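Asker: Mind looking over this structure? Questions follow.
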Amino acid sequence: MYNTYTQLARFTVPTKIVTSTRVVNTSEGYYDMKSKKAVFGKRPLVNDKDYTLVADDMAYDDSTGFGEAQGNVIYKSKDTGNAYTIIANNVKSNSKTGNVLATQKPAMIIKQGADTIYVGADTLYSGKLTELEKLRKVPDISDSLNPAAKVTNPADSNSNRYFEAYFNVKIFSDSMQAVGDSLFYSFRDSAFRLFKNPIVWAQENQITGDTIYMYTQNKAPKRFYVFENALAINRAEKNLYNQVKGNTINGFFKNGNIESFRAKGSAENIYYTADEQGAFIGVNRSTSDVIDVTFRERKPYKVVFRNNLQGTLSPIRHIQPEDLKVRGFKWFEAKRPKNKFEIIGDQSLPFSANK
């Protein structure tokens with residue numbers, strides 16, 4: 001129904017609205033031709049040049065670019081090579097700047113190839129790096145050990161996007177899980193920056209510190225770097241933990257597993273030694289300027305101490321495992337995300353986020 005005097009169009013039956021950049025399918029709502037404001041109901045679908053959006057209800061202001069969607073919202077980007085999906089119960093967006101704010105149990109799904117990363121938090125915010133750099137400098141922390149991975153950032157590049165997550169951050173993938181207070185991720189350098197009490201897990205390994213950078217390649221973990229109070233723990237058996245502590249820890253992944261890492265600065269080590277049959281025979285407790293650990297079959301295989309080594313090797317029968325803890329030791333297995341449903345919740349959404 002269209003009122004030629006007020007220029008108000010009302011939708012009471014299934015309707016398709018076509019503009020130069022967008023197609024809207026809706027069965028309820030209105031569009032004000034004068035103010036360029038629209039409201040859609042009964043789960044409308046928006047197919048824009050940059051994204052698709054479906055929700056229970058939506059409102060748009062085409063004059064400002066602002067929009068809001070409520071109720072089982074699914075926002076899917078169309079970035080080739082860096083596609084992502086946001087699900088939430090409330091999503092606000094600005095089509096002119098490309099900013100997206102998701103609240104009320106939001107989650108982001110980053111998919112490429114066979115691997116998928118799920119990120120959940122109280123609040124998720126995504127935007128264009130070129131817009132953010134108008135307000136503040138955004139350091140590019142591309143992996144310095146792989147200069148070929150460095151990506152330029154033109155305004156129309158697929159890498160020209162970032163997202164931030166605030167409070168109760170959780171990350172889950174098959175090869176890596178993490179929690180923290182907040183994070184920043186840039187599609188330009190493919191690195192997660194985790195802040196304030198971050199914890200990262202990979203198989204039987206737990207990594208903690210003041211700040212953790214997780215470098216990824218093709219959405220799989222490639223390298224991690226821990227700043228200040230760095231601590232890596234490997235559970236050898238129940239109540240037996242190999243531990244390495246330092247001011248910093250720089251580690252590397254191979255095929256989703258930790259391959260090696262180096263702890264530097266007042267490094268401490270507790271390492272359980274085993275015989276050829278795998279039975280534990282002793283424990284080494286040492287300090288050194290630098291400690292290198294190499295893994296084999298997901299377990300510490302070789303430990304190398306560099307400069308100012310001091311330590312002791314004790315028979316296993318002479319020690320109490322519960323007494324062998326480096327400063328700051330805590331095992332946070334209860335906080336570890338166990339599956340993707342801890343991130344996206346148990347909502348019965350009428351869609352598959354991976355399609």
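Ordered as shown in the structure tokens, chains take letters A, B, and onward, while each chain numbers its residues from 1 and ligands are numbered from 1 in the order shown.
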For the structure I just gave you, how does DSSP split stretch 56-257 of chain A - specifically, which residues are strand (DSSP E)? Reply as an NGL selection string.
Answerer: :A and (57-61 or 66-77 or 84-94 or 99-103 or 107-112 or 115-120 or 123-127 or 162-172 or 177-186 or 191-195 or 199-202 or 205-208 or 211-217 or 220-237 or 240-254 or 257)
Asker: So which residues touch A:Leu240 within 9 Å, counting only C-alpha atoms, skipping near sequence neighbours fewer than 4 positions away, as a list in words?
Answerer: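 Close residues of A:Leu240: Asn234, Arg235, Ala236, Tyr272, Pro321, Glu322 and Leu324 of chain A.
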Asker: Could you pull the residues within 9 Å of A:Glu228, counting only C-alpha atoms, minus those fewer than 5 positions along the same chain, as an NGL selection string?
Answerer: :A and (209-211 or 246-249)
Asker: What does the file look like for those residues with C-alpha atoms, as a PDB file, in the first residue's frame?
Answerer:
```pdb
ATOM      1  CA  GLY A 209      50.851 -14.372  30.414  1.00  0.00           C
ATOM      2  CA  ASP A 210      49.975 -10.682  30.604  1.00  0.00           C
ATOM      3  CA  THR A 211      49.409 -10.430  26.815  1.00  0.00           C
ATOM      4  CA  GLY A 246      60.053 -16.770  31.556  1.00  0.00           C
ATOM      5  CA  ASN A 247      59.591 -13.086  30.895  1.00  0.00           C
ATOM      6  CA  THR A 248      58.594 -14.005  27.318  1.00  0.00           C
ATOM      7  CA  ILE A 249      57.826 -17.203  25.427  1.00  0.00           C
TER       8      ILE A 249
END
```
Asker: One decimal, Å: what's the distance from atom CA of A:Asn307 over to atom CA of A:Gln243, could you say?
Answerer: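 Going from atom CA of A:Asn307 over to atom CA of A:Gln243, I get 18.8 Å.
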Asker: Got a sec: who's within 12 Å of A:Gln310, counting only C-alpha atoms, leaving out chain neighbours fewer than 3 positions off, as a CSV table (one decimal) with N, CA and C atoms, in the first residue's frame?
Answerer:
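After the write, result-v5.csv holds the following:
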```
chain,number,residue,atom,x,y,z
A,266,SER,N,65.1,-14.9,33.0
A,266,SER,CA,64.9,-15.5,34.3
A,266,SER,C,64.0,-16.8,34.1
A,267,ALA,N,64.4,-17.6,33.1
A,267,ALA,CA,63.6,-18.8,32.8
A,267,ALA,C,63.7,-19.9,33.8
A,268,GLU,N,62.6,-20.5,34.2
A,268,GLU,CA,62.6,-21.6,35.1
A,268,GLU,C,61.9,-22.8,34.4
A,269,ASN,N,62.3,-24.0,34.9
A,269,ASN,CA,61.9,-25.2,34.2
A,269,ASN,C,61.7,-26.4,35.2
A,284,ASN,N,63.6,-32.9,36.5
A,284,ASN,CA,64.6,-31.9,36.5
A,284,ASN,C,64.0,-30.5,36.8
A,285,ARG,N,64.7,-29.8,37.8
A,285,ARG,CA,64.2,-28.5,38.1
A,285,ARG,C,65.4,-27.6,37.9
A,286,SER,N,65.3,-26.6,37.0
A,286,SER,CA,66.4,-25.8,36.6
A,286,SER,C,66.1,-24.3,36.3
A,287,THR,N,67.1,-23.5,36.3
A,287,THR,CA,66.9,-22.1,35.9
A,287,THR,C,68.0,-21.8,34.9
A,288,SER,N,67.7,-20.9,33.9
A,288,SER,CA,68.7,-20.5,32.9
A,288,SER,C,68.2,-19.2,32.3
A,289,ASP,N,69.1,-18.6,31.5
A,289,ASP,CA,68.7,-17.3,30.8
A,289,ASP,C,67.7,-17.6,29.7
A,290,VAL,N,68.0,-18.8,29.0
A,290,VAL,CA,67.1,-19.2,27.9
A,290,VAL,C,66.9,-20.7,28.0
A,291,ILE,N,65.6,-21.1,27.8
A,291,ILE,CA,65.2,-22.5,27.7
A,291,ILE,C,64.5,-22.8,26.4
A,305,PHE,N,69.2,-25.8,27.7
A,305,PHE,CA,69.4,-24.7,28.5
A,305,PHE,C,70.6,-23.8,28.0
A,306,ARG,N,70.4,-22.5,27.9
A,306,ARG,CA,71.5,-21.7,27.4
A,306,ARG,C,71.8,-20.6,28.4
A,307,ASN,N,73.1,-20.6,28.9
A,307,ASN,CA,73.6,-19.6,29.7
A,307,ASN,C,73.1,-19.7,31.2
A,313,LEU,N,68.5,-32.8,39.4
A,313,LEU,CA,67.8,-33.9,38.9
A,313,LEU,C,67.5,-34.9,40.0
```
Asker: Rounded to one decimal place, report the atom CA of A:Tyr5-atom CA of A:Ala38 distance in Å.
Answerer: 17.3 Å
Asker: Give me the residues within 9 Å of stretch 196-203 of chain A as a list of chain:residue names, counting only C-alpha atoms and dropping any in the same chain fewer than 4 places off.
Answerer: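 In the requested form, the answer reads A:Ile171, A:Ser175, A:Met176, A:Gln177, A:Ala178, A:Val179, A:Gly180, A:Asp181, A:Ser182, A:Ile207, A:Thr208, A:Gly209, A:Asp210, A:Thr211, A:Ile212, A:Met214, A:Asn234, A:Gly256, A:Asn257, A:Ile258, A:Arg298, A:Phe332, A:Glu333, A:Lys335, A:Arg336.
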Asker: Go through A:Ala263, A:Ala191, A:Val119, A:Ile17 and flag the residue nearest A:Thr294, using only C-alpha atoms for the distances.
Answerer: A:Ala263
Asker: Could you jot down the atom CA of A:Asn218 to atom CA of A:Asn89 separation for me, Å, one decimal place?
Answerer: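 These atoms are spaced 29.0 Å apart.
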Asker: Counting only C-alpha atoms, what is within 9 Å of A:Phe40, bar same-chain residues fewer than 2 positions away, as an NGL selection string?
Answerer: :A and (11 or 26-31 or 38 or 42-44 or 56-60)
Asker: Keeping N, CA and C atoms, export the residues of the selection given above as a tab-separated table (two decimals), in the first residue's frame.
Answerer:
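Dumped everything to part_33.tsv:
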```
chain	number	residue	atom	x	y	z
A	11	PHE	N	4.04	-2.57	3.73
A	11	PHE	CA	4.14	-3.92	3.17
A	11	PHE	C	3.27	-4.86	4.00
A	26	THR	N	10.64	-8.98	2.42
A	26	THR	CA	9.94	-8.80	3.69
A	26	THR	C	8.45	-9.03	3.50
A	27	SER	N	7.75	-9.28	4.60
A	27	SER	CA	6.30	-9.46	4.54
A	27	SER	C	5.57	-8.46	5.42
A	28	GLU	N	6.32	-7.59	6.08
A	28	GLU	CA	5.70	-6.64	6.99
A	28	GLU	C	6.62	-5.43	7.16
A	29	GLY	N	6.02	-4.23	7.33
A	29	GLY	CA	6.80	-3.04	7.61
A	29	GLY	C	6.40	-1.87	6.74
A	30	TYR	N	7.29	-0.88	6.71
A	30	TYR	CA	7.00	0.31	5.89
A	30	TYR	C	8.30	0.96	5.46
A	31	TYR	N	8.20	1.83	4.44
A	31	TYR	CA	9.32	2.64	3.98
A	31	TYR	C	8.82	4.06	3.74
A	38	ALA	N	13.12	2.99	7.14
A	38	ALA	CA	12.35	1.78	6.88
A	38	ALA	C	12.32	0.89	8.12
A	42	LYS	N	8.61	-9.74	10.48
A	42	LYS	CA	8.38	-11.12	10.04
A	42	LYS	C	9.61	-11.71	9.35
A	43	ARG	N	10.74	-11.54	9.99
A	43	ARG	CA	12.03	-12.11	9.58
A	43	ARG	C	12.41	-11.76	8.14
A	44	PRO	N	12.69	-10.50	7.89
A	44	PRO	CA	13.11	-10.07	6.55
A	44	PRO	C	14.54	-10.53	6.23
A	56	ASP	N	14.66	-11.19	13.04
A	56	ASP	CA	13.21	-11.13	13.27
A	56	ASP	C	12.64	-9.77	12.86
A	57	ASP	N	13.37	-8.69	13.22
A	57	ASP	CA	12.92	-7.33	12.91
A	57	ASP	C	14.13	-6.48	12.54
A	58	MET	N	13.92	-5.48	11.67
A	58	MET	CA	15.00	-4.57	11.25
A	58	MET	C	14.47	-3.16	11.11
A	59	ALA	N	15.38	-2.21	11.27
A	59	ALA	CA	15.08	-0.80	10.99
A	59	ALA	C	16.29	-0.19	10.30
A	60	TYR	N	16.04	0.68	9.30
A	60	TYR	CA	17.11	1.30	8.53
A	60	TYR	C	16.84	2.79	8.36
```
Asker: If we count only C-alpha atoms, what is near A:Pro106 at a cut-off of 8 Å, once residues fewer than 5 positions away on the same chain are taken out, given as a short mmCIF file (atom, residue, chain, number, x, y, z; two decimals) with N, CA and C atoms, in the first residue's frame?
Answerer:
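Output saved as part_6.cif:
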```
data_model
loop_
_atom_site.label_atom_id
_atom_site.label_comp_id
_atom_site.auth_asym_id
_atom_site.auth_seq_id
_atom_site.Cartn_x
_atom_site.Cartn_y
_atom_site.Cartn_z
N ILE A 86 28.45 -13.28 11.74
CA ILE A 86 28.14 -12.84 13.11
C ILE A 86 26.72 -13.27 13.42
N ILE A 87 26.54 -13.93 14.57
CA ILE A 87 25.21 -14.22 15.06
C ILE A 87 25.04 -13.54 16.41
N ALA A 88 23.86 -13.02 16.68
CA ALA A 88 23.58 -12.30 17.92
C ALA A 88 22.08 -12.05 18.01
N ASN A 89 21.65 -11.47 19.09
CA ASN A 89 20.25 -11.07 19.20
C ASN A 89 20.06 -9.59 18.93
N GLY A 120 33.46 -15.80 20.80
CA GLY A 120 32.32 -15.28 21.53
C GLY A 120 32.77 -14.29 22.59
N ALA A 121 31.88 -13.36 22.95
CA ALA A 121 32.18 -12.36 23.97
C ALA A 121 30.87 -11.65 24.33
N ASP A 122 30.93 -10.76 25.33
CA ASP A 122 29.74 -9.96 25.65
C ASP A 122 29.42 -8.99 24.52
N THR A 123 30.48 -8.44 23.88
CA THR A 123 30.30 -7.46 22.81
C THR A 123 31.32 -7.73 21.71
N LEU A 124 30.86 -7.68 20.45
CA LEU A 124 31.74 -7.79 19.29
C LEU A 124 31.57 -6.54 18.43
N ILE A 344 28.76 -20.37 20.51
CA ILE A 344 27.55 -19.90 19.82
C ILE A 344 26.29 -20.19 20.61
#
```
Asker: For a quick check of understanding, using only C-alpha atoms, which of A:Ala165, A:Ala55, A:Val39, A:Ile141 has the smallest distance to A:Thr103?
Answerer: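 Answer, going by the shortest atom-to-atom distance: A:Ala165.
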